[in-house]
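Have a look at final-v4.cif; it's mmCIF, C-alpha atoms and all ligand atoms:
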```
data_start
loop_
_atom_site.label_atom_id
_atom_site.label_comp_id
_atom_site.auth_asym_id
_atom_site.auth_seq_id
_atom_site.Cartn_x
_atom_site.Cartn_y
_atom_site.Cartn_z
CA VAL A 152 0.00 0.00 0.00
CA THR A 153 2.83 2.37 0.90
CA ARG A 154 4.51 1.68 -2.44
CA PHE A 155 1.19 2.34 -4.23
CA ILE A 156 0.78 5.69 -2.42
CA GLN A 157 4.38 6.60 -3.30
CA ILE A 158 3.74 5.85 -7.00
CA ILE A 159 0.51 7.90 -7.00
CA ALA A 160 2.25 10.78 -5.20
CA ALA A 161 5.16 10.69 -7.69
CA ALA A 162 2.74 10.63 -10.63
CA CYS A 163 0.78 13.60 -9.19
CA PHE A 164 4.03 15.52 -8.61
CA ALA A 165 5.16 14.82 -12.20
CA LEU A 166 1.81 15.93 -13.56
CA PHE A 167 1.92 19.14 -11.53
CA SER A 168 5.49 19.86 -12.68
CA VAL A 169 4.57 19.32 -16.34
CA ALA A 170 1.52 21.58 -15.95
CA ALA A 171 3.57 24.25 -14.19
CA HIS A 172 6.19 24.12 -16.95
CA ALA A 173 3.70 24.08 -19.78
CA GLN A 174 1.97 27.09 -18.27
CA ASP A 175 3.45 30.53 -18.49
CA LYS A 176 4.85 32.32 -15.49
CA SER A 177 2.71 35.39 -16.25
CA SER A 178 -0.74 35.98 -14.78
CA PRO A 179 -3.21 35.89 -17.66
CA GLY A 180 -5.61 38.80 -17.80
CA THR A 181 -6.84 40.93 -20.69
CA VAL A 182 -4.30 42.43 -23.06
CA LEU A 183 -4.88 44.87 -25.89
CA LEU A 184 -2.08 44.64 -28.44
CA THR A 185 -1.41 47.06 -31.30
CA GLY A 186 0.28 46.05 -34.56
CA ALA A 187 -0.56 42.36 -34.13
CA SER A 188 -0.43 41.61 -37.87
CA ALA A 189 3.32 41.05 -38.23
CA GLY A 190 6.75 40.77 -36.64
CA HIS A 191 6.93 40.98 -32.87
CA GLY A 192 3.21 41.77 -32.67
CA LEU A 193 2.23 38.52 -34.33
CA ALA A 194 4.60 36.59 -32.04
CA PHE A 195 3.16 38.40 -28.98
CA ALA A 196 -0.34 37.49 -30.19
CA GLU A 197 0.60 33.84 -30.51
CA ASP A 198 2.23 33.70 -27.06
CA TYR A 199 -0.53 35.61 -25.26
CA ALA A 200 -3.13 33.36 -26.91
CA LYS A 201 -1.25 30.18 -25.93
CA ARG A 202 -0.90 31.40 -22.38
CA GLY A 203 -4.65 31.87 -22.04
CA TRP A 204 -4.75 35.67 -22.01
CA LYS A 205 -7.95 37.29 -23.26
CA LEU A 206 -6.36 38.98 -26.25
CA ILE A 207 -7.74 41.95 -28.14
CA ALA A 208 -5.37 41.87 -31.11
CA THR A 209 -5.52 44.97 -33.26
CA ALA A 210 -4.32 45.33 -36.83
CA ARG A 211 -4.56 48.12 -39.37
CA ASP A 212 -6.18 45.83 -41.90
CA PRO A 213 -7.53 42.63 -40.28
CA ALA A 214 -8.56 41.21 -43.69
CA LYS A 215 -4.91 41.18 -44.75
CA ALA A 216 -3.65 39.85 -41.40
CA THR A 217 -4.03 36.20 -42.39
CA GLU A 218 -1.53 34.79 -39.87
CA LEU A 219 -3.30 36.65 -37.08
CA GLN A 220 -6.62 35.30 -38.33
CA ALA A 221 -5.18 31.77 -38.10
CA ILE A 222 -4.26 32.40 -34.44
CA ALA A 223 -7.77 33.71 -33.70
CA LYS A 224 -9.26 30.64 -35.35
CA LYS A 225 -7.16 28.35 -33.17
CA TYR A 226 -7.68 30.20 -29.88
CA PRO A 227 -11.19 31.31 -28.87
CA ASN A 228 -9.69 33.79 -26.37
CA VAL A 229 -8.58 36.04 -29.27
CA THR A 230 -10.63 38.89 -30.74
CA ILE A 231 -9.36 40.88 -33.70
CA GLU A 232 -10.15 44.57 -34.03
CA ALA A 233 -9.20 47.06 -36.74
CA LEU A 234 -6.95 49.84 -35.49
CA ASP A 235 -4.67 52.30 -37.20
CA ILE A 236 -3.15 54.11 -34.25
CA THR A 237 -2.75 57.32 -36.27
CA ASN A 238 -6.48 57.38 -36.98
CA PHE A 239 -7.53 59.10 -33.77
CA LYS A 240 -11.27 58.80 -34.51
CA GLN A 241 -10.83 55.05 -34.84
CA VAL A 242 -8.81 54.98 -31.58
CA ASP A 243 -11.60 56.88 -29.77
CA ALA A 244 -14.29 54.56 -31.16
CA LEU A 245 -12.42 51.43 -30.06
CA ALA A 246 -11.70 52.90 -26.62
CA ALA A 247 -15.43 53.71 -26.27
CA LYS A 248 -16.30 50.12 -27.23
CA TYR A 249 -14.01 48.77 -24.47
CA LYS A 250 -14.74 51.54 -21.94
CA THR A 251 -16.10 49.15 -19.31
CA THR A 252 -13.68 46.31 -20.10
CA PRO A 253 -10.74 46.12 -17.68
CA ILE A 254 -7.56 45.97 -19.76
CA ASP A 255 -4.71 44.59 -17.66
CA VAL A 256 -1.97 45.24 -20.19
CA LEU A 257 -2.03 47.78 -23.00
CA ASN A 258 0.85 46.61 -25.19
CA LEU A 259 1.79 49.47 -27.52
CA ASN A 260 3.76 47.39 -30.00
CA GLY A 261 2.64 48.77 -33.39
CA ALA A 262 4.98 51.36 -34.85
CA ILE A 263 7.07 52.17 -37.88
CA ASN A 264 10.20 50.07 -37.54
CA SER A 265 12.55 51.67 -40.07
CA PHE A 266 14.82 48.65 -39.95
CA SER A 267 12.07 46.45 -41.41
CA VAL A 268 10.38 48.92 -43.78
CA GLY A 269 13.36 50.89 -45.11
CA LEU A 270 15.91 53.01 -43.36
CA GLU A 271 15.74 56.78 -43.48
CA LYS A 272 19.04 58.66 -43.68
CA PHE A 273 20.56 62.10 -43.37
CA GLY A 274 21.57 63.95 -46.47
CA PRO A 275 18.97 65.45 -46.44
CA LEU A 276 16.52 63.74 -44.14
CA ASP A 277 13.05 63.61 -45.73
CA PRO A 278 10.94 65.91 -43.51
CA VAL A 279 7.67 64.22 -44.51
CA ARG A 280 9.03 60.81 -43.50
CA LEU A 281 10.43 62.25 -40.25
CA ASN A 282 6.99 63.62 -39.32
CA GLU A 283 5.28 60.37 -40.27
CA ILE A 284 7.64 58.39 -38.03
CA LEU A 285 7.27 60.84 -35.14
CA ASN A 286 3.49 60.89 -35.52
CA THR A 287 3.23 57.09 -35.46
CA ASN A 288 5.96 56.25 -32.97
CA VAL A 289 5.41 59.09 -30.53
CA THR A 290 2.16 61.05 -30.84
CA ALA A 291 -0.07 58.10 -31.65
CA GLN A 292 1.44 55.98 -28.85
CA LEU A 293 0.43 58.55 -26.25
CA TYR A 294 -2.94 59.08 -27.91
CA VAL A 295 -3.75 55.36 -27.60
CA ALA A 296 -2.43 55.26 -24.01
CA GLU A 297 -4.63 58.18 -22.97
CA ALA A 298 -7.67 56.82 -24.82
CA PHE A 299 -7.49 53.46 -23.01
CA LEU A 300 -6.27 54.76 -19.64
CA ASP A 301 -9.62 54.34 -17.87
CA SER A 302 -9.90 50.72 -19.01
CA VAL A 303 -6.38 50.03 -17.77
CA ALA A 304 -7.05 51.81 -14.46
CA ILE A 305 -10.08 49.59 -13.69
CA SER A 306 -8.07 46.40 -14.31
CA LYS A 307 -6.16 44.27 -11.83
CA GLN A 308 -2.66 44.57 -13.32
CA LYS A 309 -2.84 48.17 -14.62
CA LYS A 310 0.07 48.24 -17.09
CA ILE A 311 0.83 50.29 -20.18
CA VAL A 312 3.85 49.05 -22.12
CA ALA A 313 5.74 51.26 -24.55
CA MET A 314 7.86 49.33 -27.05
CA SER A 315 11.00 51.37 -27.39
CA ALA A 316 14.33 50.30 -28.90
CA VAL A 317 18.00 50.14 -27.96
CA GLY A 318 18.39 52.63 -30.84
CA GLY A 319 16.44 55.12 -28.71
CA SER A 320 19.23 55.29 -26.14
CA ILE A 321 21.05 58.62 -26.53
CA ALA A 322 23.93 57.24 -24.48
CA GLY A 323 24.32 54.36 -26.93
CA VAL A 324 24.56 56.30 -30.22
CA LYS A 325 27.57 55.15 -32.27
CA GLN A 326 26.38 55.68 -35.86
CA SER A 327 24.18 57.99 -37.93
CA THR A 328 21.77 55.40 -39.33
CA ALA A 329 18.00 55.64 -38.83
CA PRO A 330 18.03 59.09 -37.17
CA ALA A 331 14.25 59.58 -37.39
CA TYR A 332 13.57 56.16 -35.88
CA ARG A 333 16.12 56.74 -33.11
CA ALA A 334 14.69 60.20 -32.40
CA SER A 335 11.18 58.75 -32.26
CA LYS A 336 12.18 56.15 -29.69
CA ALA A 337 14.15 58.66 -27.59
CA ALA A 338 11.09 60.95 -27.65
CA LEU A 339 8.82 58.02 -26.83
CA ASN A 340 10.99 57.25 -23.81
CA MET A 341 10.67 60.79 -22.47
CA LEU A 342 6.96 61.01 -23.24
CA MET A 343 6.16 57.70 -21.58
CA ARG A 344 8.55 58.30 -18.69
CA THR A 345 6.75 61.56 -17.85
CA TYR A 346 3.33 59.98 -18.54
CA GLY A 347 4.30 57.35 -15.98
CA GLU A 348 4.62 60.10 -13.37
CA GLN A 349 1.21 61.45 -14.43
CA VAL A 350 -0.71 58.18 -13.98
CA LYS A 351 1.17 56.37 -11.20
CA GLY A 352 -1.23 57.91 -8.67
CA ARG A 353 -3.97 55.77 -10.24
CA GLY A 354 -1.80 52.69 -9.75
CA VAL A 355 -0.99 52.46 -13.45
CA ALA A 356 2.57 51.41 -14.34
CA VAL A 357 3.90 52.82 -17.62
CA LEU A 358 6.73 50.46 -18.56
CA ILE A 359 9.36 51.08 -21.23
CA ILE A 360 10.92 48.05 -22.89
CA ALA A 361 13.43 47.65 -25.71
CA PRO A 362 12.46 44.32 -27.30
CA GLY A 363 15.65 43.85 -29.30
CA THR A 364 15.35 42.15 -32.68
CA VAL A 365 13.59 38.90 -31.93
CA ASP A 366 14.08 35.88 -34.15
CA VAL A 367 10.37 35.64 -34.99
CA HIS A 368 11.21 33.95 -38.32
CA ASN A 369 13.28 31.25 -36.55
CA TYR A 370 16.38 32.11 -38.59
CA TYR A 371 18.61 30.45 -35.97
CA ASP A 372 17.12 27.09 -37.05
CA VAL A 373 17.71 27.56 -40.80
CA LYS A 374 20.28 24.95 -41.90
CA ASP A 375 21.59 26.89 -44.90
CA GLN A 376 22.38 30.23 -43.26
CA SER A 377 23.20 31.75 -46.67
CA THR A 378 19.43 31.86 -47.32
CA VAL A 379 18.89 34.06 -44.25
CA PRO A 380 18.54 37.79 -45.08
CA GLU A 381 21.86 39.58 -44.63
CA ARG A 382 20.69 41.85 -41.83
CA TYR A 383 19.68 38.88 -39.68
CA ARG A 384 22.78 36.86 -40.63
CA GLY A 385 24.91 39.71 -39.31
CA GLN A 386 22.90 39.77 -36.10
CA ILE A 387 23.24 36.00 -35.70
CA GLU A 388 27.02 36.29 -36.18
CA ARG A 389 27.23 39.13 -33.66
CA LYS A 390 24.96 37.15 -31.32
CA VAL A 391 22.55 40.10 -31.01
CA LEU A 392 19.47 38.44 -32.50
CA ALA A 393 17.25 37.67 -29.52
CA PRO A 394 15.80 34.13 -29.51
CA ARG A 395 12.11 33.55 -30.31
CA SER A 396 11.62 32.90 -26.58
CA ALA A 397 12.36 36.62 -25.95
CA ILE A 398 8.69 37.36 -26.60
CA GLY A 399 7.66 35.06 -23.74
CA SER A 400 10.44 36.54 -21.59
CA MET A 401 8.94 40.00 -22.20
CA ILE A 402 5.47 38.82 -21.16
CA ASP A 403 7.05 37.47 -17.95
CA LEU A 404 9.03 40.71 -17.50
CA ILE A 405 5.87 42.82 -17.87
CA ASP A 406 4.25 40.56 -15.28
CA ARG A 407 7.09 41.18 -12.81
CA LEU A 408 7.44 44.95 -13.29
CA THR A 409 5.38 47.38 -11.22
CA VAL A 410 4.98 51.12 -10.63
CA ALA A 411 8.27 50.87 -8.70
CA ASP A 412 10.03 50.19 -12.06
CA ILE A 413 8.76 53.10 -14.15
CA ALA A 414 12.05 55.01 -13.95
CA LYS A 415 13.96 52.18 -15.65
CA PHE A 416 14.58 51.43 -19.33
CA HIS A 417 14.44 47.65 -19.70
CA GLN A 418 15.73 45.34 -22.36
CA TRP A 419 13.67 42.20 -23.23
CA ASP A 420 15.74 40.05 -20.85
CA GLY A 421 15.26 42.40 -17.91
CA LYS A 422 18.70 44.03 -18.24
CA GLU A 423 18.62 47.76 -17.48
CA LEU A 424 19.70 50.04 -20.34
CA ASN A 425 21.07 53.56 -20.29
CA TRP A 426 18.53 56.19 -21.41
N1 LIG B 1 12.32 44.10 -34.76
C1 LIG B 1 13.25 44.88 -34.24
O1 LIG B 1 14.41 44.79 -34.61
C2 LIG B 1 12.91 45.87 -33.18
C3 LIG B 1 13.95 46.35 -32.38
C4 LIG B 1 13.64 47.28 -31.41
C5 LIG B 1 12.36 47.72 -31.25
N2 LIG B 1 11.36 47.24 -32.05
C6 LIG B 1 10.00 47.75 -31.84
O2 LIG B 1 9.12 46.65 -31.68
C7 LIG B 1 7.85 46.97 -32.23
C8 LIG B 1 7.48 45.95 -33.30
O3 LIG B 1 8.49 45.95 -34.29
P1 LIG B 1 8.53 44.87 -35.45
O4 LIG B 1 9.93 44.57 -35.72
O5 LIG B 1 7.61 43.77 -35.16
O6 LIG B 1 8.00 45.74 -36.67
P2 LIG B 1 7.33 45.29 -38.04
O7 LIG B 1 7.65 43.88 -38.34
O8 LIG B 1 7.69 46.35 -39.03
O9 LIG B 1 5.78 45.40 -37.69
C9 LIG B 1 5.24 46.63 -37.33
C10 LIG B 1 3.81 46.44 -36.89
O10 LIG B 1 3.29 47.71 -36.54
C11 LIG B 1 2.13 47.93 -37.32
N3 LIG B 1 1.90 49.35 -37.61
C12 LIG B 1 2.67 50.20 -38.32
N4 LIG B 1 2.07 51.40 -38.40
C13 LIG B 1 0.89 51.30 -37.73
C14 LIG B 1 -0.18 52.17 -37.47
N5 LIG B 1 -0.20 53.42 -37.94
N6 LIG B 1 -1.24 51.71 -36.75
C15 LIG B 1 -1.26 50.45 -36.29
N7 LIG B 1 -0.28 49.56 -36.50
C16 LIG B 1 0.80 49.98 -37.22
C17 LIG B 1 2.32 47.12 -38.60
O11 LIG B 1 1.05 46.90 -39.19
P3 LIG B 1 0.85 46.60 -40.76
O12 LIG B 1 1.01 45.10 -40.89
O13 LIG B 1 -0.52 47.08 -41.02
O14 LIG B 1 1.91 47.36 -41.49
C18 LIG B 1 2.94 45.86 -38.01
O15 LIG B 1 1.97 45.03 -37.43
C19 LIG B 1 7.99 48.40 -32.78
O16 LIG B 1 7.58 49.31 -31.80
C20 LIG B 1 9.47 48.51 -33.04
O17 LIG B 1 9.91 49.84 -33.07
C21 LIG B 1 11.62 46.31 -33.01
#
```

In structure tokens, how does this file's structure come out?
Ligand SMILES: NC(=O)c1ccc[n+]([C@@H]2O[C@H](COP(=O)([O-])OP(=O)(O)OC[C@H]3O[C@@H](n4cnc5c(N)ncnc54)[C@H](OP(=O)(O)O)[C@@H]3O)[C@@H](O)[C@H]2O)c1
Amino acid sequence: VTRFIQIIAAACFALFSVAAHAQDKSSPGTVLLTGASAGHGLAFAEDYAKRGWKLIATARDPAKATELQAIAKKYPNVTIEALDITNFKQVDALAAKYKTTPIDVLNLNGAINSFSVGLEKFGPLDPVRLNEILNTNVTAQLYVAEAFLDSVAISKQKKIVAMSAVGGSIAGVKQSTAPAYRASKAALNMLMRTYGEQVKGRGVAVLIIAPGTVDVHNYYDVKDQSTVPERYRGQIERKVLAPRSAIGSMIDLIDRLTVADIAKFHQWDGKELNW
């Protein structure tokens, strides 16, 4: 009988360990994610969905976001909404729709990433492009944050996450590439850092994270590395391409961070960066 009890206890322990491992370390709540159609956003959508979060995944053009649609088909906890963050009327309408829905995490991922859509350069810098990048990466980010603030404030976790970039660190500038993008992320840092002071009294934590370039295409696993786009090959060689698991690490990081951390600039792995 003792042996039987030992076997049952061991089996239960193994089952619990497997379940604990299979589950995320984050506390699932409701997350609203911008720019969920591609890149990091799509990977965030997949991981949040797998982890059982109630995900409101927004995309500029949901009809074209076929990979996101596939995620929503697989996971009933995913709702897709149309949202262009620079269309302030659309932002207001969506915020009104979710006015009474507690949103635990507002993940402001969607932005113009010059490194994936074409670098802008000095000589001379296109002023129209500069304004477009600043409008999307700075102004629209705050507009969305303010529009959804009440929904975040009535939630349990109360977090607004700004997706910045290592390139937004003024202390880290070593080259002149992507000046508009860098400026947008440096401005985003200041805007969100001061916004954090504004809303901390309501218990809302405005967190600033540099996600790094995450290997969302699983380039590390490609056998013939010559088929990997040059930019990523260089990052693999320099060991600066973050693994696909970095997305999950960021969800765990967001879970750990609180209002006490709003003065810090975090990298995806929790390392603190210089502003
Ligand atoms: N990947 C990196 O190397 C890296 C490094 C540091 C920081 N980041 C930051 O991480 C975030 C995601 O980057 P990513 O690499 O995944 O970029 P990405 O592959 O270029 O994807 C950008 C996403 O943002 C969306 N978006 C662009 N403009 C928008 C707008 N006006 N309204 C709503 N959504 C909009 C895009 O939607 P559409 O599909 O409709 O175009 C797309 O879903 C960005 O904030 C980026 O700056 C990325």

Name the closest residue to Leu276 of chain A among the candidates A:Trp426, A:Tyr249, A:Tyr332, A:Trp419; distances are taken between atoms, counting only C-alpha atoms.
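With only C-alpha atoms as the atom set, the closest residue is A:Tyr332.
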
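Between ligand LIG 1 (chain B) and the residues A:Gly399, A:Gly354, A:Gly186, A:Pro275, the shortest atom-to-atom distance, using only C-alpha atoms and all ligand atoms, involves A:Gly186.
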
Taking all atoms listed in the file into account, report as number ranges by chain which residues have an atom no farther than 9 Å from an atom of ligand LIG 1 (chain B).
A: 185-194, 209-213, 215-216, 233-238, 259-268, 284, 286-288, 291, 313-319, 332, 336, 360-367, 392

Please report the interatomic distance between atom CA of Pro330 of chain A and atom CA of Glu388 of chain A in Å with one decimal.
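That distance, rounded to one decimal, is 24.5 Å.
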
Between A:Leu183, A:Ala196, A:Gln349, A:Asp375, smallest distance to Ser302 of chain A by all atoms listed in the file belongs to A:Leu183
